[in-house]
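Encoded as structure tokens, the structure appears first; notes follow it.
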Amino acid sequence: MLKKTNTVTALLFCLFAVAAHAQQTTGHLEGRVVDTNNQPLAEVNVVVSGPAIQGVRGGVTDAGGSFRILALPSGRLTVTFRHIAYQRLVVSDVTILLGKTTSLADIVLTSRSIEVDAIEVTAARPVIDATSTTIGANLSSLEFEALPTERDHRSIFTLLPHANTSFLVDDVNSCGATGQENAYFIDGANTTDPFRAIGSTQLPYNFVKEIELKIGGYEAEYGRATGGIVNVVTHSGSNEFQARAFGFYTNNDLASDSRRGFVDLTTGDFLRYDLGLSLGGPVLRDKLWYFLAYNGRVDREDITFEGLGVRPDDKRTHMFAGKLTWQPSSALDMTLSIFGDPTSWDRIGHNFVGGGNPASLANPDPFLGQWQQGTFNASLHANYVASDRFLVEGKVSRYRGKWIAEAATERGRIEPQLRDNTAGVWSGGYGAEFDRLSTRTSMALATTYFAGNHNLKAGLQFEKEESAVVSNAFQGMTFVLTGELESMTRREAKELIEARGAGADIVC
């Protein structure tokens with residue numbers, strides 16, 4: 001058993017020109033209010049409202065006419081400006097982006113000499129974020145739900161600039177970096193696989209409210225990543241009860257004929273579908289909201305072994321998410337999230353140990369496996385807005401992921417696997433088996449002080465990662481070797497194979 005422990009403690013004390021925070025789950029709003037002579041207006045009440053906000057959030061402009069409202073949920077909001085000497089102004093459809101600061105242009109209020117109807121202005125989304133040097137982009141559910149994508153939320157990243165799907169089994173590449181260089185966060189929790197840093201928890205895009213991708217220029221607090229920072233926030237409840245059902249279905253009647261690469265196994269009938277349901281609403285209006293979602297997915301294919309019959313490749317995934325959003329006071333809000341994707345898989349294919357593919361199989365057992373994999377995550381995130389210049393953030397999260405790969409048949413479990421590299425024929429059992437459990441415990445506390453166009457941030461972060469691996473890789477495998485090993489003795493050949501990472505019996 002191999003046990004790996006990694007503990008990271010980092011003290012962050014950064015001065016920079018943007019209001020960005022590690023693993024952010026919110027955004028900010030700022031702007032300036034002036035009169036018709038372009039003179040700043042002080043003591044203007046700024047009120048922010050919307051379906052994603054508990055109660056009413058807001059602030060007051062300072063002597064320079066500026067205002068800043070921190071830690072707002074992402075989405076479209078309405079901003080109302082009120083002053084006793086000026087006409088009330090309502091700005092609708094103001095978009096708050098995850099991890100970004102939305103800046104409103106100078107808001108002009110007209111002197112109120114007579115009572116008239118309120119003026120309503122629709123705010124356009126800024127093309128360039130003038131408050132940030134970070135390279136990246138955001139996508140909201142209103143944008144990606146109408147686009148043709150895979151069901152996994154990670155496929156959405158490829159819609160953004162500088163991100164593309166990798167064909168080397170390392171997930172999404174971003175800005176030239178491999179998938180193993182990315183870091184993934186969902187609701188503030190680091191969900192990156194601790195063992196090999198490939199991939200993250202699966203969620204259907206129906207659970208996702210907004211996705212942010214940072215691919216350059218991000219701050220030092222985003223440690224342990226040299227690729228993209230993928231930040232995801234799931235839906236939350238609201239003051240209104242909402243229920244939603246969704247699904248996806250396809251089969252071989254809706255697709256062209258295809259062949260599978262491994263040993264040219266012919267794909268016969270296949271069926272892929274998933275069904276989901278989400279519920280959200282208030283426990284206490286403007287105080288406590290809930291959101292619950294479940295999505296069950298089935299991927300099934302009938303695989304024909306030449307001369308050995310038909311076997312089903314059957315994969316079933318249970319994805320879930322739950323969230324409680326609580327605002328005990330106007331200055332404090334807390335969010336508890338849980339989500340995961342346990343998966344069981346009756347898998348057809350070799351276990352990727354030893355490399356290469358056979359020309360044929362003497363019996364199907366080397367390709368018959370039972371896999372159990374998936375993750376469970378929990379996070380608690382809190383924001384305390386002490387003033388319009390001072391923000392305190394705290395986070396605790398826990399990640400647990402497993403991967404178990406074992407033989408599906410009795411013969412696969414008890415017999416060694418024989419690989420004849422001369423004839424290209426595999427026979428015997430399943431060969432290598434794995435049992436891996438990875439965990440991550442993370443805690444962080446950060447404070448930010450906003451001073452004009454700059455901010456001062458200090459924080460402390462603790463992270464502990466553990467991976468326990470039980471593997472009998474190459475044990476129970478026998479290789480019949482030719483080529484460069486033909487002229488070697490059995491001992492020399494075995495030493496060469498062991499030097500390449502294998503501990504197998506060699507037959508020369």
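Here, A, B, ... name the chains of the structure tokens in the order displayed, residue numbers run from 1 inside each chain, and ligands are numbered from 1 in the same displayed order.
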Neighbour list for A:Glu406 as a PDB file with C-alpha atoms, in the first residue's frame, cut-off 8 Å, only C-alpha atoms, skip fewer than 5 positions in-chain:
```
ATOM      1  CA  GLY A 369     -13.966  -5.589 -15.322  1.00  0.00           C
ATOM      2  CA  GLN A 370     -16.095  -4.141 -12.531  1.00  0.00           C
ATOM      3  CA  TRP A 371     -15.222  -0.554 -11.606  1.00  0.00           C
ATOM      4  CA  ARG A 413      -9.842 -13.022 -10.473  1.00  0.00           C
ATOM      5  CA  TYR A 430      -8.076  -9.695 -15.792  1.00  0.00           C
ATOM      6  CA  ALA A 432      -3.990  -5.806 -12.574  1.00  0.00           C
ATOM      7  CA  GLU A 433      -6.499  -4.599  -9.976  1.00  0.00           C
ATOM      8  CA  PHE A 434      -6.611  -1.304  -8.101  1.00  0.00           C
TER       9      PHE A 434
END
```
Env of A:Glu301: 7 Å cut, atoms = only C-alpha atoms, seq-sep filter 2 positions within chain, self excluded. Answer as a list in words.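 Close residues of A:Glu301: Thr267, Gly268, Asp269, Phe270, Leu271, Asp299, Ile303, Pro312, Asp313 and Asp314 of chain A.
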Record the distance separating atom CA of A:Thr439 and atom CA of A:Tyr399, expressed in Å with one decimal. 5.4 Å
Run DSSP on the backbone and tell me which residues of stretch 371-422 of chain A come out as helix (DSSP H, G or I); list them as a list in words.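 Helix (DSSP H, G or I) members of stretch 371-422 of chain A, listed: Glu410, Arg411, Gly412, Arg413 and Ile414 of chain A.
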Once you have the residues from the selection above, write them out as a PDB file, in the first residue's frame, restricted to N, CA and C atoms.
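For reference, out14.pdb as written:
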```
ATOM      1  N   GLU A 410     -14.987 -14.974 -12.143  1.00  0.00           N
ATOM      2  CA  GLU A 410     -14.168 -15.796 -11.256  1.00  0.00           C
ATOM      3  C   GLU A 410     -12.833 -16.138 -11.917  1.00  0.00           C
ATOM      4  N   ARG A 411     -12.878 -16.461 -13.185  1.00  0.00           N
ATOM      5  CA  ARG A 411     -11.637 -16.760 -13.895  1.00  0.00           C
ATOM      6  C   ARG A 411     -10.733 -15.525 -13.963  1.00  0.00           C
ATOM      7  N   GLY A 412     -11.355 -14.361 -14.153  1.00  0.00           N
ATOM      8  CA  GLY A 412     -10.573 -13.133 -14.205  1.00  0.00           C
ATOM      9  C   GLY A 412      -9.861 -12.833 -12.910  1.00  0.00           C
ATOM     10  N   ARG A 413     -10.450 -13.298 -11.776  1.00  0.00           N
ATOM     11  CA  ARG A 413      -9.842 -13.022 -10.473  1.00  0.00           C
ATOM     12  C   ARG A 413      -8.730 -14.002 -10.114  1.00  0.00           C
ATOM     13  N   ILE A 414      -8.851 -15.256 -10.507  1.00  0.00           N
ATOM     14  CA  ILE A 414      -7.927 -16.257  -9.990  1.00  0.00           C
ATOM     15  C   ILE A 414      -6.807 -16.617 -10.970  1.00  0.00           C
TER      16      ILE A 414
END
```
Could you state the separation of atom CA of A:Thr25 and atom CA of A:Ala177 in Å, given to one decimal place? 24.6 Å
By how many Å are atom CA of A:Asn455 and atom CA of A:Ser103 apart?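 Spanning atom CA of A:Asn455 to atom CA of A:Ser103 is a straight-line distance of 15.7 Å.
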Find the residues near A:Thr80: any atom within 8 Å, counting only C-alpha atoms, skip ones fewer than 2 places away on the same chain, and give them as number ranges by chain. A: 45-48, 78, 82, 88-91
For the selection you just gave me, I'd like the residues written to a file as a PDB file, in the first residue's frame, keeping C-alpha atoms.
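Below is the file that was written, out_27.pdb:
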```pdb
ATOM      1  CA  ASN A  45     -29.052  55.273  -1.204  1.00  0.00           C
ATOM      2  CA  VAL A  46     -28.147  52.333  -3.468  1.00  0.00           C
ATOM      3  CA  VAL A  47     -30.443  49.304  -3.151  1.00  0.00           C
ATOM      4  CA  VAL A  48     -29.782  45.976  -4.921  1.00  0.00           C
ATOM      5  CA  THR A  78     -31.851  45.447 -10.269  1.00  0.00           C
ATOM      6  CA  ARG A  82     -32.676  57.194  -4.219  1.00  0.00           C
ATOM      7  CA  ARG A  88     -35.385  57.990  -8.315  1.00  0.00           C
ATOM      8  CA  LEU A  89     -33.490  55.920 -10.900  1.00  0.00           C
ATOM      9  CA  VAL A  90     -33.829  52.177 -11.506  1.00  0.00           C
ATOM     10  CA  VAL A  91     -31.157  50.265 -13.448  1.00  0.00           C
TER      11      VAL A  91
END
```
Could you list, as a PyMOL selection string, every residue within 10 Å of A:Val208, counting only C-alpha atoms and ignoring same-chain residues fewer than 4 positions away? chain A and resi 140-141+144-145+153+186-187+203-204+232-236+321
Run DSSP on the backbone of this structure and report the residues of stretch 112-322 of chain A it assigns to strand (DSSP E or B), as a PyMOL selection string. chain A and resi 119-122+135-140+152+163-165+172-174+177+183-186+189-190+204+208-216+229-234+242-251+259+266-284+288-305+309-322
Show which residues sit within 6 Å of A:Ile211, as a list in words. Count only C-alpha atoms, and ignore same-chain residues fewer than 4 positions away.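 Here the answer would be Asn138, Leu139, Asn231 and Val232 of chain A.
Proximity to A:Gly280 was assessed for A:Ile107, A:Val60, A:Ile84, A:Ala52 counting only C-alpha atoms; the smallest distance is recorded for A:Ala52.
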